[in-house]
$ cat work33.pdb   # PDB, C-alpha atoms, pLDDT in the B column
ATOM      1  CA  MET A   1      10.300 -11.953 -32.498  1.00 44.00           C
ATOM      2  CA  THR A   2       9.907  -8.235 -33.073  1.00 46.00           C
ATOM      3  CA  PHE A   3       9.980  -5.543 -30.480  1.00 47.00           C
ATOM      4  CA  ALA A   4       8.182  -2.248 -30.539  1.00 49.00           C
ATOM      5  CA  PRO A   5      10.531   0.727 -30.518  1.00 49.00           C
ATOM      6  CA  ALA A   6      10.979   2.536 -27.241  1.00 46.00           C
ATOM      7  CA  PRO A   7       8.664   5.525 -26.901  1.00 48.00           C
ATOM      8  CA  ILE A   8      10.241   8.825 -27.840  1.00 44.00           C
ATOM      9  CA  PRO A   9      10.418  11.166 -24.851  1.00 59.00           C
ATOM     10  CA  SER A  10       8.105  14.139 -25.056  1.00 90.00           C
ATOM     11  CA  ARG A  11       9.567  17.499 -25.898  1.00 89.00           C
ATOM     12  CA  THR A  12       8.837  18.706 -22.387  1.00 92.00           C
ATOM     13  CA  GLN A  13      10.620  15.740 -20.810  1.00 93.00           C
ATOM     14  CA  TYR A  14      13.585  16.192 -23.142  1.00 94.00           C
ATOM     15  CA  VAL A  15      13.930  19.862 -22.252  1.00 95.00           C
ATOM     16  CA  LEU A  16      13.383  19.143 -18.557  1.00 94.00           C
ATOM     17  CA  GLU A  17      16.171  16.569 -18.390  1.00 92.00           C
ATOM     18  CA  ALA A  18      18.529  18.725 -20.445  1.00 94.00           C
ATOM     19  CA  ILE A  19      18.101  21.795 -18.239  1.00 95.00           C
ATOM     20  CA  LYS A  20      18.284  19.733 -15.046  1.00 91.00           C
ATOM     21  CA  HIS A  21      21.530  18.138 -16.213  1.00 89.00           C
ATOM     22  CA  ARG A  22      23.074  21.530 -16.926  1.00 91.00           C
ATOM     23  CA  ILE A  23      22.037  22.837 -13.500  1.00 90.00           C
ATOM     24  CA  LEU A  24      23.262  19.827 -11.537  1.00 85.00           C
ATOM     25  CA  THR A  25      26.597  19.716 -13.337  1.00 82.00           C
ATOM     26  CA  GLY A  26      27.263  23.428 -12.838  1.00 83.00           C
ATOM     27  CA  GLN A  27      26.880  24.427 -16.487  1.00 88.00           C
ATOM     28  CA  LEU A  28      24.071  26.745 -15.401  1.00 92.00           C
ATOM     29  CA  SER A  29      25.065  28.713 -12.320  1.00 89.00           C
ATOM     30  CA  PRO A  30      22.856  29.610  -9.336  1.00 90.00           C
ATOM     31  CA  GLY A  31      21.163  32.929 -10.016  1.00 92.00           C
ATOM     32  CA  GLN A  32      21.536  32.603 -13.797  1.00 94.00           C
ATOM     33  CA  SER A  33      18.509  33.695 -15.813  1.00 96.00           C
ATOM     34  CA  LEU A  34      16.665  31.114 -17.887  1.00 96.00           C
ATOM     35  CA  VAL A  35      14.982  32.808 -20.836  1.00 95.00           C
ATOM     36  CA  GLU A  36      12.251  30.791 -22.554  1.00 95.00           C
ATOM     37  CA  THR A  37      12.977  32.055 -26.072  1.00 95.00           C
ATOM     38  CA  GLU A  38      16.707  31.351 -25.749  1.00 96.00           C
ATOM     39  CA  LEU A  39      16.152  27.853 -24.379  1.00 96.00           C
ATOM     40  CA  ALA A  40      13.565  27.099 -27.046  1.00 95.00           C
ATOM     41  CA  ALA A  41      16.067  28.071 -29.743  1.00 96.00           C
ATOM     42  CA  GLN A  42      18.830  25.996 -28.125  1.00 95.00           C
ATOM     43  CA  TYR A  43      16.718  22.853 -27.977  1.00 95.00           C
ATOM     44  CA  GLY A  44      14.841  23.367 -31.221  1.00 94.00           C
ATOM     45  CA  VAL A  45      11.379  23.443 -29.653  1.00 94.00           C
ATOM     46  CA  SER A  46       8.597  25.944 -29.113  1.00 93.00           C
ATOM     47  CA  LYS A  47       8.307  27.930 -25.905  1.00 93.00           C
ATOM     48  CA  THR A  48       5.503  25.708 -24.569  1.00 93.00           C
ATOM     49  CA  PRO A  49       7.623  22.650 -23.602  1.00 93.00           C
ATOM     50  CA  VAL A  50      10.264  24.982 -22.174  1.00 95.00           C
ATOM     51  CA  ARG A  51       7.654  26.729 -20.052  1.00 94.00           C
ATOM     52  CA  GLU A  52       6.274  23.406 -18.792  1.00 94.00           C
ATOM     53  CA  ALA A  53       9.768  22.106 -18.028  1.00 95.00           C
ATOM     54  CA  LEU A  54      10.609  25.234 -16.036  1.00 95.00           C
ATOM     55  CA  LYS A  55       7.391  24.888 -14.039  1.00 94.00           C
ATOM     56  CA  THR A  56       8.349  21.335 -13.121  1.00 93.00           C
ATOM     57  CA  LEU A  57      11.853  22.401 -12.148  1.00 94.00           C
ATOM     58  CA  ALA A  58      10.367  25.131  -9.962  1.00 94.00           C
ATOM     59  CA  GLY A  59       8.295  22.459  -8.243  1.00 90.00           C
ATOM     60  CA  THR A  60      11.418  20.440  -7.455  1.00 88.00           C
ATOM     61  CA  GLY A  61      13.220  23.512  -6.115  1.00 89.00           C
ATOM     62  CA  LEU A  62      15.897  23.819  -8.785  1.00 92.00           C
ATOM     63  CA  VAL A  63      14.661  27.083 -10.279  1.00 94.00           C
ATOM     64  CA  VAL A  64      12.796  30.092  -8.961  1.00 95.00           C
ATOM     65  CA  MET A  65      10.007  31.852 -10.847  1.00 94.00           C
ATOM     66  CA  SER A  66       9.545  35.541 -10.089  1.00 90.00           C
ATOM     67  CA  GLN A  67       7.115  38.061 -11.514  1.00 85.00           C
ATOM     68  CA  TYR A  68       9.906  40.623 -11.696  1.00 84.00           C
ATOM     69  CA  LYS A  69      13.083  38.626 -12.338  1.00 85.00           C
ATOM     70  CA  GLY A  70      11.650  35.866 -14.487  1.00 93.00           C
ATOM     71  CA  VAL A  71      13.065  32.367 -14.067  1.00 96.00           C
ATOM     72  CA  THR A  72      16.476  31.853 -12.495  1.00 95.00           C
ATOM     73  CA  VAL A  73      18.502  28.902 -11.263  1.00 95.00           C
ATOM     74  CA  ARG A  74      18.012  28.651  -7.524  1.00 93.00           C
ATOM     75  CA  THR A  75      20.690  30.341  -5.466  1.00 92.00           C
ATOM     76  CA  VAL A  76      22.238  28.200  -2.764  1.00 91.00           C
ATOM     77  CA  ASP A  77      22.679  29.869   0.601  1.00 91.00           C
ATOM     78  CA  THR A  78      23.413  28.474   4.023  1.00 92.00           C
ATOM     79  CA  ALA A  79      19.786  28.367   5.134  1.00 93.00           C
ATOM     80  CA  MET A  80      18.702  26.439   2.038  1.00 92.00           C
ATOM     81  CA  ALA A  81      21.628  24.018   2.263  1.00 93.00           C
ATOM     82  CA  ARG A  82      21.007  23.246   5.915  1.00 94.00           C
ATOM     83  CA  GLU A  83      17.278  22.730   5.361  1.00 94.00           C
ATOM     84  CA  VAL A  84      17.933  20.192   2.619  1.00 94.00           C
ATOM     85  CA  TYR A  85      20.645  18.378   4.533  1.00 95.00           C
ATOM     86  CA  ASP A  86      18.567  18.336   7.696  1.00 96.00           C
ATOM     87  CA  VAL A  87      15.973  16.295   5.807  1.00 96.00           C
ATOM     88  CA  ARG A  88      18.687  13.953   4.575  1.00 96.00           C
ATOM     89  CA  LEU A  89      20.024  13.522   8.098  1.00 97.00           C
ATOM     90  CA  LEU A  90      16.570  12.579   9.335  1.00 97.00           C
ATOM     91  CA  LEU A  91      15.729  10.126   6.550  1.00 97.00           C
ATOM     92  CA  GLU A  92      18.761   8.741   4.730  1.00 98.00           C
ATOM     93  CA  PRO A  93      20.533   6.917   7.595  1.00 98.00           C
ATOM     94  CA  GLU A  94      17.300   5.080   8.417  1.00 98.00           C
ATOM     95  CA  ALA A  95      16.779   4.140   4.778  1.00 98.00           C
ATOM     96  CA  VAL A  96      20.315   2.761   4.562  1.00 98.00           C
ATOM     97  CA  ARG A  97      19.829   0.875   7.830  1.00 98.00           C
ATOM     98  CA  ARG A  98      16.760  -0.812   6.333  1.00 98.00           C
ATOM     99  CA  THR A  99      18.543  -1.581   3.066  1.00 98.00           C
ATOM    100  CA  VAL A 100      21.344  -3.375   4.905  1.00 98.00           C
ATOM    101  CA  ARG A 101      18.976  -5.248   7.211  1.00 97.00           C
ATOM    102  CA  ALA A 102      17.071  -6.466   4.155  1.00 96.00           C
ATOM    103  CA  GLY A 103      20.273  -7.887   2.693  1.00 94.00           C
ATOM    104  CA  ALA A 104      19.738  -5.967  -0.530  1.00 93.00           C
ATOM    105  CA  GLY A 105      22.333  -6.189  -3.266  1.00 92.00           C
ATOM    106  CA  LEU A 106      24.738  -3.257  -3.462  1.00 95.00           C
ATOM    107  CA  ALA A 107      26.289  -3.801  -6.881  1.00 96.00           C
ATOM    108  CA  ASP A 108      24.905  -0.492  -8.158  1.00 96.00           C
ATOM    109  CA  ALA A 109      26.559   1.373  -5.285  1.00 96.00           C
ATOM    110  CA  ARG A 110      29.939  -0.200  -6.128  1.00 96.00           C
ATOM    111  CA  THR A 111      29.453   0.682  -9.796  1.00 96.00           C
ATOM    112  CA  ALA A 112      28.752   4.289  -8.849  1.00 95.00           C
ATOM    113  CA  LEU A 113      31.914   4.483  -6.739  1.00 94.00           C
ATOM    114  CA  THR A 114      33.990   3.094  -9.593  1.00 94.00           C
ATOM    115  CA  ARG A 115      32.439   5.617 -11.960  1.00 93.00           C
ATOM    116  CA  ALA A 116      33.206   8.455  -9.518  1.00 90.00           C
ATOM    117  CA  ALA A 117      36.821   7.376  -9.136  1.00 89.00           C
ATOM    118  CA  GLU A 118      37.254   7.285 -12.912  1.00 90.00           C
ATOM    119  CA  ALA A 119      35.352  10.517 -13.583  1.00 84.00           C
ATOM    120  CA  ALA A 120      37.055  12.823 -16.027  1.00 79.00           C
ATOM    121  CA  ASP A 121      35.361  15.962 -14.722  1.00 78.00           C
ATOM    122  CA  PRO A 122      33.423  17.250 -11.701  1.00 75.00           C
ATOM    123  CA  ALA A 123      30.119  16.978 -13.558  1.00 75.00           C
ATOM    124  CA  ASP A 124      30.362  13.218 -14.027  1.00 82.00           C
ATOM    125  CA  ARG A 125      31.632  12.832 -10.480  1.00 84.00           C
ATOM    126  CA  SER A 126      28.609  14.708  -9.172  1.00 83.00           C
ATOM    127  CA  LEU A 127      26.238  12.438 -11.088  1.00 85.00           C
ATOM    128  CA  ALA A 128      28.064   9.355  -9.787  1.00 90.00           C
ATOM    129  CA  ASN A 129      27.785  10.688  -6.238  1.00 90.00           C
ATOM    130  CA  ARG A 130      24.007  10.986  -6.620  1.00 90.00           C
ATOM    131  CA  ALA A 131      23.837   7.460  -8.015  1.00 93.00           C
ATOM    132  CA  PHE A 132      25.822   6.073  -5.067  1.00 96.00           C
ATOM    133  CA  HIS A 133      23.547   7.526  -2.423  1.00 96.00           C
ATOM    134  CA  ARG A 134      20.391   6.489  -4.266  1.00 96.00           C
ATOM    135  CA  ALA A 135      21.687   2.945  -4.713  1.00 97.00           C
ATOM    136  CA  LEU A 136      21.999   2.722  -0.924  1.00 97.00           C
ATOM    137  CA  TYR A 137      18.543   3.986  -0.008  1.00 97.00           C
ATOM    138  CA  LEU A 138      16.479   2.745  -2.967  1.00 97.00           C
ATOM    139  CA  PRO A 139      16.186  -0.900  -1.742  1.00 97.00           C
ATOM    140  CA  CYS A 140      15.045   0.151   1.757  1.00 97.00           C
ATOM    141  CA  GLY A 141      11.643  -1.458   1.246  1.00 96.00           C
ATOM    142  CA  ASN A 142       9.587   1.668   1.943  1.00 97.00           C
ATOM    143  CA  PRO A 143       8.468   3.396  -1.284  1.00 97.00           C
ATOM    144  CA  LEU A 144       7.284   6.498   0.571  1.00 97.00           C
ATOM    145  CA  LEU A 145      10.652   6.922   2.265  1.00 97.00           C
ATOM    146  CA  THR A 146      12.366   6.504  -1.087  1.00 96.00           C
ATOM    147  CA  ARG A 147      10.121   9.112  -2.729  1.00 95.00           C
ATOM    148  CA  MET A 148      10.779  11.592   0.069  1.00 95.00           C
ATOM    149  CA  LEU A 149      14.522  11.224  -0.399  1.00 96.00           C
ATOM    150  CA  ASP A 150      14.144  11.467  -4.169  1.00 93.00           C
ATOM    151  CA  GLU A 151      12.268  14.744  -3.719  1.00 89.00           C
ATOM    152  CA  VAL A 152      15.279  16.397  -2.067  1.00 92.00           C
ATOM    153  CA  ARG A 153      17.888  14.612  -4.186  1.00 90.00           C
ATOM    154  CA  ASP A 154      18.101  17.295  -6.879  1.00 88.00           C
ATOM    155  CA  GLN A 155      18.366  20.099  -4.336  1.00 91.00           C
ATOM    156  CA  ALA A 156      21.058  18.177  -2.449  1.00 91.00           C
ATOM    157  CA  ALA A 157      22.981  17.747  -5.704  1.00 88.00           C
ATOM    158  CA  LEU A 158      22.727  21.487  -6.382  1.00 89.00           C
ATOM    159  CA  VAL A 159      24.088  22.191  -2.894  1.00 90.00           C
ATOM    160  CA  SER A 160      27.028  19.846  -3.388  1.00 87.00           C
ATOM    161  CA  THR A 161      27.811  21.267  -6.841  1.00 83.00           C
ATOM    162  CA  VAL A 162      28.056  24.777  -5.402  1.00 85.00           C
ATOM    163  CA  ALA A 163      30.032  23.606  -2.372  1.00 86.00           C
ATOM    164  CA  TRP A 164      32.584  21.639  -4.393  1.00 81.00           C
ATOM    165  CA  ALA A 165      33.168  24.657  -6.623  1.00 78.00           C
ATOM    166  CA  ALA A 166      34.052  26.722  -3.549  1.00 76.00           C
ATOM    167  CA  VAL A 167      35.663  24.100  -1.287  1.00 73.00           C
ATOM    168  CA  PRO A 168      36.826  20.979  -3.165  1.00 74.00           C
ATOM    169  CA  SER A 169      36.614  18.023  -0.784  1.00 78.00           C
ATOM    170  CA  TRP A 170      35.963  15.074  -3.045  1.00 79.00           C
ATOM    171  CA  GLU A 171      38.881  12.904  -1.884  1.00 83.00           C
ATOM    172  CA  ARG A 172      37.678  12.961   1.710  1.00 88.00           C
ATOM    173  CA  GLU A 173      34.115  12.182   0.703  1.00 89.00           C
ATOM    174  CA  ALA A 174      35.239   9.368  -1.605  1.00 91.00           C
ATOM    175  CA  ALA A 175      36.992   7.722   1.347  1.00 94.00           C
ATOM    176  CA  GLU A 176      33.827   8.100   3.418  1.00 96.00           C
ATOM    177  CA  HIS A 177      31.812   6.496   0.628  1.00 96.00           C
ATOM    178  CA  GLU A 178      34.155   3.507   0.616  1.00 96.00           C
ATOM    179  CA  GLU A 179      33.736   3.082   4.366  1.00 97.00           C
ATOM    180  CA  ILE A 180      29.951   3.316   4.129  1.00 98.00           C
ATOM    181  CA  LEU A 181      29.887   0.656   1.433  1.00 97.00           C
ATOM    182  CA  ARG A 182      32.301  -1.562   3.381  1.00 97.00           C
ATOM    183  CA  LEU A 183      30.036  -1.499   6.433  1.00 98.00           C
ATOM    184  CA  ALA A 184      26.905  -2.042   4.356  1.00 98.00           C
ATOM    185  CA  THR A 185      28.448  -4.947   2.455  1.00 97.00           C
ATOM    186  CA  ALA A 186      29.526  -6.508   5.749  1.00 97.00           C
ATOM    187  CA  GLY A 187      25.910  -6.411   6.926  1.00 97.00           C
ATOM    188  CA  ASP A 188      26.573  -3.837   9.674  1.00 98.00           C
ATOM    189  CA  ALA A 189      23.307  -1.914   9.449  1.00 98.00           C
ATOM    190  CA  GLU A 190      23.927   0.274  12.490  1.00 98.00           C
ATOM    191  CA  GLY A 191      27.500   1.057  11.492  1.00 98.00           C
ATOM    192  CA  ALA A 192      26.481   1.942   7.949  1.00 98.00           C
ATOM    193  CA  ALA A 193      23.680   4.200   9.210  1.00 98.00           C
ATOM    194  CA  ARG A 194      26.059   5.991  11.590  1.00 98.00           C
ATOM    195  CA  ALA A 195      28.618   6.420   8.816  1.00 98.00           C
ATOM    196  CA  VAL A 196      26.001   7.890   6.478  1.00 98.00           C
ATOM    197  CA  HIS A 197      24.867  10.332   9.184  1.00 98.00           C
ATOM    198  CA  ALA A 198      28.447  11.410   9.900  1.00 97.00           C
ATOM    199  CA  HIS A 199      29.171  11.750   6.171  1.00 96.00           C
ATOM    200  CA  ILE A 200      26.187  14.009   5.517  1.00 96.00           C
ATOM    201  CA  ALA A 201      26.658  16.053   8.692  1.00 95.00           C
ATOM    202  CA  SER A 202      30.384  16.649   8.172  1.00 93.00           C
ATOM    203  CA  PHE A 203      29.836  17.817   4.600  1.00 92.00           C
ATOM    204  CA  VAL A 204      27.294  20.480   5.487  1.00 91.00           C
ATOM    205  CA  GLU A 205      29.363  21.629   8.470  1.00 91.00           C
ATOM    206  CA  ARG A 206      32.441  22.045   6.275  1.00 89.00           C
ATOM    207  CA  ALA A 207      30.717  23.736   3.378  1.00 88.00           C
ATOM    208  CA  PHE A 208      28.131  25.789   5.276  1.00 89.00           C
ATOM    209  CA  PRO A 209      29.466  26.346   8.810  1.00 86.00           C
ATOM    210  CA  VAL A 210      27.745  28.241  11.591  1.00 75.00           C
ATOM    211  CA  THR A 211      29.912  30.744  13.466  1.00 64.00           C
ATOM    212  CA  ASP A 212      28.924  32.319  16.786  1.00 47.00           C
ATOM    213  CA  GLY A 213      25.367  31.132  16.358  1.00 44.00           C
ATOM    214  CA  ALA A 214      24.990  32.771  12.955  1.00 40.00           C
ATOM    215  CA  PRO A 215      25.226  30.846   9.704  1.00 40.00           C
ATOM    216  CA  THR A 216      27.978  31.718   7.269  1.00 43.00           C
ATOM    217  CA  ALA A 217      28.197  30.756   3.652  1.00 43.00           C
ATOM    218  CA  GLU A 218      31.771  29.718   2.935  1.00 44.00           C
ATOM    219  CA  GLY A 219      30.539  27.108   0.509  1.00 40.00           C
ATOM    220  CA  ALA A 220      27.604  29.092  -0.812  1.00 43.00           C
ATOM    221  CA  GLN A 221      27.298  30.926  -4.076  1.00 40.00           C
ATOM    222  CA  ARG A 222      28.236  34.540  -3.608  1.00 36.00           C
TER
END
$ encode --input "work33.pdb" --output "structure tokens"
Amino acid sequence: MTFAPAPIPSRTQYVLEAIKHRILTGQLSPGQSLVETELAAQYGVSKTPVREALKTLAGTGLVVMSQYKGVTVRTVDTAMAREVYDVRLLLEPEAVRRTVRAGAGLADARTALTRAAEAADPADRSLANRAFHRALYLPCGNPLLTRMLDEVRDQAALVSTVAWAAVPSWEREAAEHEEILRLATAGDAEGAARAVHAHIASFVERAFPVTDGAPTAEGAQR
């Protein structure tokens, strides 16, 4: 039996994934300019796929396009971080609750935790963290809920990348991940949902606290 070769990703998709990876692993910093000609030369493509990739990234909230400043990696401030994490607080605990109630397999979540624990650098740890959370909400049984969480996933990863650079807190969060997975594996839907809510809320409060009614940006890019 012969198999057809896998389709080769389009140039735009290739550039899109490459730039996204560099943003979400901190190789491209918030506020950094993204110049089409430079990126085209780096990736060996014309400016057209770069331009299309940047438009897509702007749509997902990872870059900002300005008539005067050009294209830059989105800057993370307290307001942006809290908006993104507010959405997660509203949606993710419910998705996890539904995943556990459905008795969905959680092998991918365990794999992600193992990968995070063995990560050689913060970039790989960040990617493993994203994989862990998605493995918990993906089997929730509601495709619309999953898509909504996927839509903020990249922005949430950008927030965490900036926060970890300013206030490293991975060990605490790794312990919280283990507890979430323990509860989920035990079939405790309510306990897992509460643990996810507490995990998300405590992170944003630590990294982007509010003092005297006004937000501060201890974990934000300065």
$ closest_residue --input "work33.pdb" --among "A:Ser202, A:Thr72, A:Ser66, A:Thr25" --to "A:Arg130" --atoms "only C-alpha atoms"
A:Thr25
$ residues_near_point --input "work33.pdb" --point "(28.6, 20.6, 6.7)" --cutoff "12 Å" --atoms "only C-alpha atoms" --output "ChimeraX atom specification"
/A:78-79,81-86,89,159-160,163-164,167,169,173,197-210,215-220
$ closest_residue --input "work33.pdb" --among "A:Gln32, A:Ala157, A:Ala95, A:Ala40" --to "A:Met65" --atoms "only C-alpha atoms"
A:Gln32
$ residues_around --input "work33.pdb" --residues "stretch 42-49 of chain A" --least-positions-apart "4" --cutoff "7 Å" --atoms "only C-alpha atoms" --output "PyMOL selection string"
chain A and resi 11-12+36-38+53
$ atom_distance --input "work33.pdb" --atom1 "atom CA of A:Leu106" --atom2 "atom CA of A:Thr185"
7.2 Å
$ resolve_selection --input "work33.pdb" --expression "the PyMOL selection byres ((chain A and resi 93) around 8)" --output "PyMOL selection string"
chain A and resi 88-92+94-97+192-194+196-197
$ axis_aligned_box --input "work33.pdb" --around "stretch 8-27 of chain A" --padding-each-side "8 Å" --output "lines of an AutoDock Vina configuration file"
center_x = 17.7
center_y = 16.6
center_z = -19.7
size_x = 35.2
size_y = 31.6
size_z = 32.3
$ closest_residue --input "work33.pdb" --among "A:Leu145, A:Leu62, A:Ala165, A:Ala189" --to "A:Ile23" --atoms "all atoms listed in the file"
A:Leu62
$ resolve_selection --input "work33.pdb" --expression "the PyMOL selection byres ((chain A and resi 132) around 9)" --output "ChimeraX atom specification"
/A:108-113,116,127-131,133-136,177
$ closest_residue --input "work33.pdb" --among "A:Leu34, A:Leu28, A:Leu16, A:Ala186" --to "A:Glu52" --atoms "all atoms listed in the file"
A:Leu16
$ resolve_selection --input "work33.pdb" --expression "the PyMOL selection byres ((chain A and resi 101) around 10)" --output "PDB file with C-alpha atoms, in the frame of the given file"
ATOM      1  CA  ALA A  95      16.779   4.140   4.778  1.00 98.00           C
ATOM      2  CA  VAL A  96      20.315   2.761   4.562  1.00 98.00           C
ATOM      3  CA  ARG A  97      19.829   0.875   7.830  1.00 98.00           C
ATOM      4  CA  ARG A  98      16.760  -0.812   6.333  1.00 98.00           C
ATOM      5  CA  THR A  99      18.543  -1.581   3.066  1.00 98.00           C
ATOM      6  CA  VAL A 100      21.344  -3.375   4.905  1.00 98.00           C
ATOM      7  CA  ALA A 102      17.071  -6.466   4.155  1.00 96.00           C
ATOM      8  CA  GLY A 103      20.273  -7.887   2.693  1.00 94.00           C
ATOM      9  CA  ALA A 104      19.738  -5.967  -0.530  1.00 93.00           C
ATOM     10  CA  CYS A 140      15.045   0.151   1.757  1.00 97.00           C
ATOM     11  CA  ALA A 184      26.905  -2.042   4.356  1.00 98.00           C
ATOM     12  CA  GLY A 187      25.910  -6.411   6.926  1.00 97.00           C
ATOM     13  CA  ASP A 188      26.573  -3.837   9.674  1.00 98.00           C
ATOM     14  CA  ALA A 189      23.307  -1.914   9.449  1.00 98.00           C
ATOM     15  CA  GLU A 190      23.927   0.274  12.490  1.00 98.00           C
TER      16      GLU A 190
END
$ decode --input "work33.pdb" --residues "stretch 92-157 of chain A" --atoms "C-alpha atoms" --output "compact mmCIF listing (two decimals), in the first residue's frame"
# COMPACT_ATOMS: atom_id res chain seq x y z
CA GLU A 92 -12.08 27.41 31.44
CA PRO A 93 -13.32 26.06 34.81
CA GLU A 94 -16.65 25.15 33.21
CA ALA A 95 -14.92 23.44 30.30
CA VAL A 96 -12.79 21.40 32.69
CA ARG A 97 -15.86 20.53 34.77
CA ARG A 98 -17.51 19.15 31.63
CA THR A 99 -14.39 17.25 30.59
CA VAL A 100 -14.24 15.47 33.95
CA ARG A 101 -17.97 14.74 34.02
CA ALA A 102 -17.66 13.18 30.56
CA GLY A 103 -14.95 10.84 31.84
CA ALA A 104 -12.60 11.95 29.08
CA GLY A 105 -9.09 10.54 28.96
CA LEU A 106 -6.39 12.80 30.37
CA ALA A 107 -3.26 11.12 29.05
CA ASP A 108 -2.32 14.20 27.02
CA ALA A 109 -2.49 16.38 30.13
CA ARG A 110 -0.11 14.02 31.98
CA THR A 111 2.24 14.02 28.99
CA ALA A 112 2.28 17.82 29.00
CA LEU A 113 3.12 17.92 32.71
CA THR A 114 5.98 15.48 32.20
CA ARG A 115 7.26 17.57 29.31
CA ALA A 116 7.08 20.73 31.45
CA ALA A 117 8.97 19.11 34.31
CA GLU A 118 11.72 17.98 31.93
CA ALA A 119 11.87 21.24 29.97
CA ALA A 120 15.37 22.48 29.32
CA ASP A 121 14.34 26.11 28.91
CA PRO A 122 11.44 28.47 29.64
CA ALA A 123 10.30 28.38 26.01
CA ASP A 124 9.59 24.66 26.03
CA ARG A 125 8.01 24.94 29.46
CA SER A 126 5.67 27.64 28.18
CA LEU A 127 4.59 25.46 25.26
CA ALA A 128 4.02 22.51 27.61
CA ASN A 129 1.92 24.73 29.88
CA ARG A 130 -0.33 25.65 26.94
CA ALA A 131 -0.64 21.98 26.00
CA PHE A 132 -1.65 21.03 29.55
CA HIS A 133 -4.49 23.52 29.77
CA ARG A 134 -5.77 22.68 26.29
CA ALA A 135 -5.71 18.96 27.05
CA LEU A 136 -8.05 19.64 29.98
CA TYR A 137 -10.62 21.74 28.14
CA LEU A 138 -10.49 20.22 24.65
CA PRO A 139 -12.64 17.13 25.49
CA CYS A 140 -15.39 19.23 27.13
CA GLY A 141 -17.89 18.24 24.45
CA ASN A 142 -18.78 21.77 23.36
CA PRO A 143 -16.88 22.81 20.20
CA LEU A 144 -17.93 26.45 20.54
CA LEU A 145 -16.60 26.63 24.09
CA THR A 146 -13.36 25.05 22.93
CA ARG A 147 -13.00 27.54 20.06
CA MET A 148 -13.60 30.47 22.40
CA LEU A 149 -10.84 29.28 24.71
CA ASP A 150 -8.55 28.63 21.75
CA GLU A 151 -9.10 32.21 20.60
CA VAL A 152 -7.60 33.62 23.81
CA ARG A 153 -4.98 30.88 24.21
CA ASP A 154 -2.22 32.70 22.32
CA GLN A 155 -2.82 35.95 24.18
CA ALA A 156 -2.82 34.09 27.51
CA ALA A 157 0.50 32.48 26.56
